[in-house]
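Source file: model24.cif. Holds: mmCIF, C-alpha atoms.
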data_my_file
loop_
_atom_site.label_atom_id
_atom_site.label_comp_id
_atom_site.auth_asym_id
_atom_site.auth_seq_id
_atom_site.Cartn_x
_atom_site.Cartn_y
_atom_site.Cartn_z
CA MET I 30 92.45 39.89 -140.15
CA LYS I 31 91.07 40.49 -143.63
CA LYS I 32 92.69 42.69 -146.23
CA PRO I 33 91.33 46.28 -146.13
CA SER I 34 89.04 47.26 -148.98
CA PHE I 35 89.98 49.90 -151.54
CA LEU I 36 87.75 52.47 -149.77
CA GLU I 37 89.28 51.65 -146.39
CA ARG I 38 92.79 52.09 -147.80
CA LEU I 39 91.81 55.31 -149.57
CA THR I 40 90.18 56.92 -146.53
CA GLY I 41 92.31 55.30 -143.86
CA ALA I 42 89.19 53.92 -142.21
CA VAL I 43 89.52 51.11 -139.72
CA PRO I 44 87.26 48.12 -140.38
CA ALA I 45 84.42 47.74 -137.85
CA ASN I 46 85.83 44.51 -136.37
CA ASP I 47 89.04 46.40 -135.46
CA TYR I 48 86.97 48.92 -133.46
CA ASP I 49 85.38 46.04 -131.58
CA ARG I 50 88.83 44.60 -130.83
CA ILE I 51 90.07 47.97 -129.52
CA LEU I 52 86.98 48.43 -127.32
CA ASP I 53 87.15 44.89 -125.97
CA GLU I 54 90.80 45.16 -124.91
CA GLU I 55 91.75 46.83 -121.69
CA HIS I 56 93.30 50.12 -122.73
CA HIS I 57 94.91 52.80 -120.57
CA PHE I 58 95.36 56.29 -121.90
CA GLY I 59 99.01 57.22 -122.30
CA ASP I 60 100.35 53.67 -122.68
CA GLU I 61 101.51 54.33 -126.26
CA GLU I 62 103.54 57.38 -125.28
CA SER I 63 105.36 55.60 -122.45
CA GLU I 64 106.25 52.68 -124.73
CA GLU I 65 107.68 54.91 -127.46
CA GLY I 66 109.80 56.98 -125.11
CA GLU I 67 110.03 60.73 -125.11
CA GLN I 68 109.12 61.46 -128.70
CA PHE I 69 107.46 64.79 -127.93
CA THR I 70 110.25 66.43 -125.96
CA ASP I 71 111.06 68.94 -128.73
CA ASP I 72 107.39 69.89 -129.08
CA GLU I 73 106.98 70.27 -125.34
CA LYS I 74 110.03 72.52 -125.15
CA TRP I 75 108.69 74.57 -128.04
CA GLU I 76 105.26 74.97 -126.43
CA GLU I 77 106.66 75.74 -123.00
CA GLY I 78 109.08 78.35 -124.32
CA ASP I 79 110.95 80.61 -121.93
CA GLN I 80 108.69 80.87 -118.89
CA SER I 81 110.89 83.47 -117.17
CA GLU I 82 108.89 86.40 -118.52
CA PRO I 83 105.39 86.47 -119.96
CA SER I 84 105.19 86.93 -123.72
CA GLN I 85 103.42 90.07 -124.77
CA GLN I 86 101.72 89.92 -128.13
CA GLU I 87 103.13 92.41 -130.59
CA GLY I 88 101.03 93.60 -133.50
CA GLU I 89 102.19 94.03 -137.06
CA LEU I 90 101.64 97.48 -138.51
CA PRO I 91 99.83 97.41 -141.88
CA VAL I 92 101.54 99.58 -144.49
CA ASP I 93 101.42 100.72 -148.10
CA MET I 94 104.76 101.01 -149.91
CA TYR I 95 105.19 102.38 -153.42
CA GLN I 96 107.76 104.21 -155.49
CA THR I 97 107.96 107.42 -157.47
CA ASN I 98 110.73 108.29 -159.90
CA ASP I 99 113.03 109.50 -157.12
CA ALA I 100 111.75 108.03 -153.85
CA ILE I 101 110.17 105.11 -152.04
CA ILE I 102 107.09 106.10 -150.03
CA ILE I 103 105.78 104.17 -147.02
CA LYS I 104 102.41 105.00 -145.47
CA ALA I 105 100.99 103.54 -142.26
CA LEU I 106 98.00 104.30 -140.04
CA VAL I 107 99.28 105.24 -136.61
CA ALA I 108 96.16 106.87 -135.16
CA GLY I 109 96.34 107.13 -131.40
CA VAL I 110 100.15 107.08 -131.35
CA SER I 111 102.12 110.19 -130.51
CA PRO I 112 104.84 110.96 -133.09
CA ALA I 113 107.32 111.06 -130.19
CA ASP I 114 106.43 107.41 -129.42
CA LEU I 115 107.33 106.21 -132.93
CA ASP I 116 110.76 104.72 -133.54
CA ILE I 117 111.83 104.50 -137.18
CA SER I 118 115.13 102.79 -138.01
CA ILE I 119 116.47 103.01 -141.56
CA THR I 120 119.32 101.26 -143.30
CA ARG I 121 120.09 101.46 -147.00
CA ASP I 122 117.85 98.48 -147.73
CA MET I 123 115.48 98.12 -144.76
CA VAL I 124 113.04 100.15 -142.62
CA THR I 125 111.70 99.19 -139.18
CA ILE I 126 108.79 101.07 -137.60
CA ARG I 127 108.05 100.51 -133.90
CA GLY I 128 105.57 102.09 -131.55
CA VAL I 129 103.02 101.63 -128.81
CA ARG I 130 99.33 102.43 -128.95
CA GLU I 131 98.22 102.99 -125.36
CA GLU I 132 94.72 101.91 -124.39
CA TYR I 133 92.66 104.13 -122.15
CA GLN I 134 90.14 101.78 -120.55
CA GLU I 135 86.79 103.59 -120.42
CA THR I 136 84.72 100.59 -119.36
CA ASN I 137 85.33 97.06 -118.18
CA ASP I 138 85.72 94.19 -120.65
CA ASP I 139 82.24 92.77 -120.00
CA ASN I 140 80.56 95.88 -121.45
CA TYR I 141 82.12 95.61 -124.94
CA PHE I 142 80.09 94.35 -127.89
CA HIS I 143 83.09 94.41 -130.29
CA ARG I 144 86.83 94.68 -129.62
CA GLU I 145 88.67 95.00 -132.91
CA LEU I 146 91.15 97.80 -132.31
CA PHE I 147 94.73 96.80 -131.61
CA TRP I 148 96.30 98.19 -128.44
CA GLY I 149 99.86 97.65 -127.37
CA SER I 150 103.22 97.55 -129.08
CA PHE I 151 103.59 97.05 -132.80
CA THR I 152 106.43 96.70 -135.24
CA ARG I 153 106.96 96.32 -138.96
CA THR I 154 110.16 95.66 -140.84
CA LEU I 155 110.20 96.19 -144.60
CA VAL I 156 112.92 95.17 -147.01
CA LEU I 157 113.28 97.95 -149.55
CA PRO I 158 113.36 97.13 -153.27
CA GLU I 159 116.24 99.59 -153.80
CA GLU I 160 118.92 101.30 -151.76
CA VAL I 161 117.98 104.68 -150.31
CA VAL I 162 119.83 107.76 -149.10
CA ILE I 163 119.45 107.51 -145.32
CA ASP I 164 120.47 111.09 -144.52
CA GLU I 165 117.76 112.58 -146.73
CA ALA I 166 114.86 110.45 -145.43
CA GLU I 167 111.84 112.30 -144.04
CA ALA I 168 108.87 111.21 -141.91
CA GLN I 169 105.72 113.14 -141.10
CA GLU I 170 102.43 112.33 -139.40
CA LYS I 171 99.17 114.03 -140.28
CA HIS I 172 95.72 113.01 -138.97
CA GLY I 173 97.01 109.58 -137.89
CA LEU I 174 98.73 108.78 -141.20
CA LEU I 175 102.50 108.30 -141.07
CA GLU I 176 104.32 108.99 -144.33
CA ILE I 177 107.99 108.14 -144.75
CA ARG I 178 109.78 109.45 -147.84
CA LEU I 179 113.02 107.64 -148.68
CA PRO I 180 114.99 109.16 -151.59
CA LYS I 181 116.42 106.49 -153.89
CA LEU I 182 120.17 106.16 -154.20
CA ASP I 183 121.12 107.34 -157.69
CA LYS I 184 123.63 104.74 -158.82
CA HIS I 185 124.13 106.43 -162.18
CA ARG I 186 125.01 109.82 -160.75
CA SER I 187 128.59 110.86 -161.30
CA THR I 188 130.68 113.90 -160.57
CA GLN I 189 134.02 115.28 -161.67
CA LEU I 190 136.70 115.67 -159.04
CA LYS I 191 139.51 118.17 -159.27
CA VAL I 192 142.85 116.80 -158.19
CA ARG I 193 144.65 118.92 -155.61
CA SER I 194 148.31 118.79 -154.97
CA ASN I 195 150.01 119.04 -151.60
CA ILE I 196 153.20 120.37 -153.15
CA ASN I 197 153.73 124.11 -152.68
CA VAL I 198 154.79 125.76 -155.85
CA ALA I 199 157.50 128.38 -155.26
CA LYS I 200 157.19 131.55 -157.25
#

Hey, can you dump this file as structure tokens for me?
Amino acid sequence: MKKPSFLERLTGAVPANDYDRILDEEHHFGDEESEEGEQFTDDEKWEEGDQSEPSQQEGELPVDMYQTNDAIIIKALVAGVSPADLDISITRDMVTIRGVREEYQETNDDNYFHRELFWGSFTRTLVLPEEVVIDEAEAQEKHGLLEIRLPKLDKHRSTQLKVRSNINVAK
């Protein structure tokens, strides 16, 4: 067999006489895999996944997040979702928004020209850039726009404590 040319090495092309050799030989599909053993077992397990319950696709909620001097504001479009169906979990440094947008099927699938709206469950977890005061957080929905206001934790705030004594002073 001759040495591959620079172009063949660069592109990975197989010289024409090698194609002829491959086509002339008797070749059975799958022979290479059986000779090499079970090299794809990890991939097959990954693709098969857990077949016990069907996986339901979950959407990711698009959001805007910005800060003011005293709070972090998160806005998300939740049109078609009842405020009672929204679940918002807050820690000092993270927010998770979950919900379900129920589809009311007005026609069968064959009659659609476009299907771009997302129906089903959605979730979004955001890592906050600063710690927030959980107990003072507020959420409101107006015309399909969810707004979450998270007051920032004031790390520079201080207060003076008076020391009390448990000793009774006799008069």

Close residues, I:Leu174 itself excluded, 7 Å, only C-alpha atoms, min 6 positions apart in chain, as JSON, numbers by chain: {"I": [104, 105, 106, 107, 108]}

Could you tell me which residues the PyMOL selection byres ((chain I and resi 169-173) around 12) grabs in this file, written as a PDB file with C-alpha atoms, keeping the file's coordinate frame?
ATOM      1  CA  ILE I 102     107.090 106.100-150.030  1.00  0.00           C
ATOM      2  CA  ILE I 103     105.780 104.170-147.020  1.00  0.00           C
ATOM      3  CA  LYS I 104     102.410 105.000-145.470  1.00  0.00           C
ATOM      4  CA  ALA I 105     100.990 103.540-142.260  1.00  0.00           C
ATOM      5  CA  LEU I 106      98.000 104.300-140.040  1.00  0.00           C
ATOM      6  CA  VAL I 107      99.280 105.240-136.610  1.00  0.00           C
ATOM      7  CA  ALA I 108      96.160 106.870-135.160  1.00  0.00           C
ATOM      8  CA  GLY I 109      96.340 107.130-131.400  1.00  0.00           C
ATOM      9  CA  VAL I 110     100.150 107.080-131.350  1.00  0.00           C
ATOM     10  CA  SER I 111     102.120 110.190-130.510  1.00  0.00           C
ATOM     11  CA  PRO I 112     104.840 110.960-133.090  1.00  0.00           C
ATOM     12  CA  ALA I 113     107.320 111.060-130.190  1.00  0.00           C
ATOM     13  CA  ASP I 114     106.430 107.410-129.420  1.00  0.00           C
ATOM     14  CA  LEU I 115     107.330 106.210-132.930  1.00  0.00           C
ATOM     15  CA  ILE I 117     111.830 104.500-137.180  1.00  0.00           C
ATOM     16  CA  ARG I 130      99.330 102.430-128.950  1.00  0.00           C
ATOM     17  CA  ALA I 166     114.860 110.450-145.430  1.00  0.00           C
ATOM     18  CA  GLU I 167     111.840 112.300-144.040  1.00  0.00           C
ATOM     19  CA  ALA I 168     108.870 111.210-141.910  1.00  0.00           C
ATOM     20  CA  LEU I 174      98.730 108.780-141.200  1.00  0.00           C
ATOM     21  CA  LEU I 175     102.500 108.300-141.070  1.00  0.00           C
ATOM     22  CA  GLU I 176     104.320 108.990-144.330  1.00  0.00           C
ATOM     23  CA  ILE I 177     107.990 108.140-144.750  1.00  0.00           C
ATOM     24  CA  ARG I 178     109.780 109.450-147.840  1.00  0.00           C
ATOM     25  CA  LEU I 179     113.020 107.640-148.680  1.00  0.00           C
TER      26      LEU I 179
END

One-decimal distance in Å that lies between atom CA of I:Ile126 and atom CA of I:Phe147: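 One can read the atom CA of I:Phe147 to atom CA of I:Ile126 distance as 15.9 Å.
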
Among the residues I:Glu131, I:Glu87, I:Asp116, I:Glu160, the one that comes closest to I:Trp148 [using only C-alpha atoms]: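 Looking at the shortest contact to I:Trp148, the residue is I:Glu131.
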
Pick from I:Gly149, I:Leu155, I:Asp99, I:Glu89, whichever lies nearest to I:Tyr133 using all atoms listed in the file: I:Gly149

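Rounded to one decimal, atom CA of I:Thr152 and atom CA of I:Asp93 lie 14.4 Å from each other.
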
One-decimal distance in Å that lies between atom CA of I:Gln96 and atom CA of I:His185: 17.8 Å
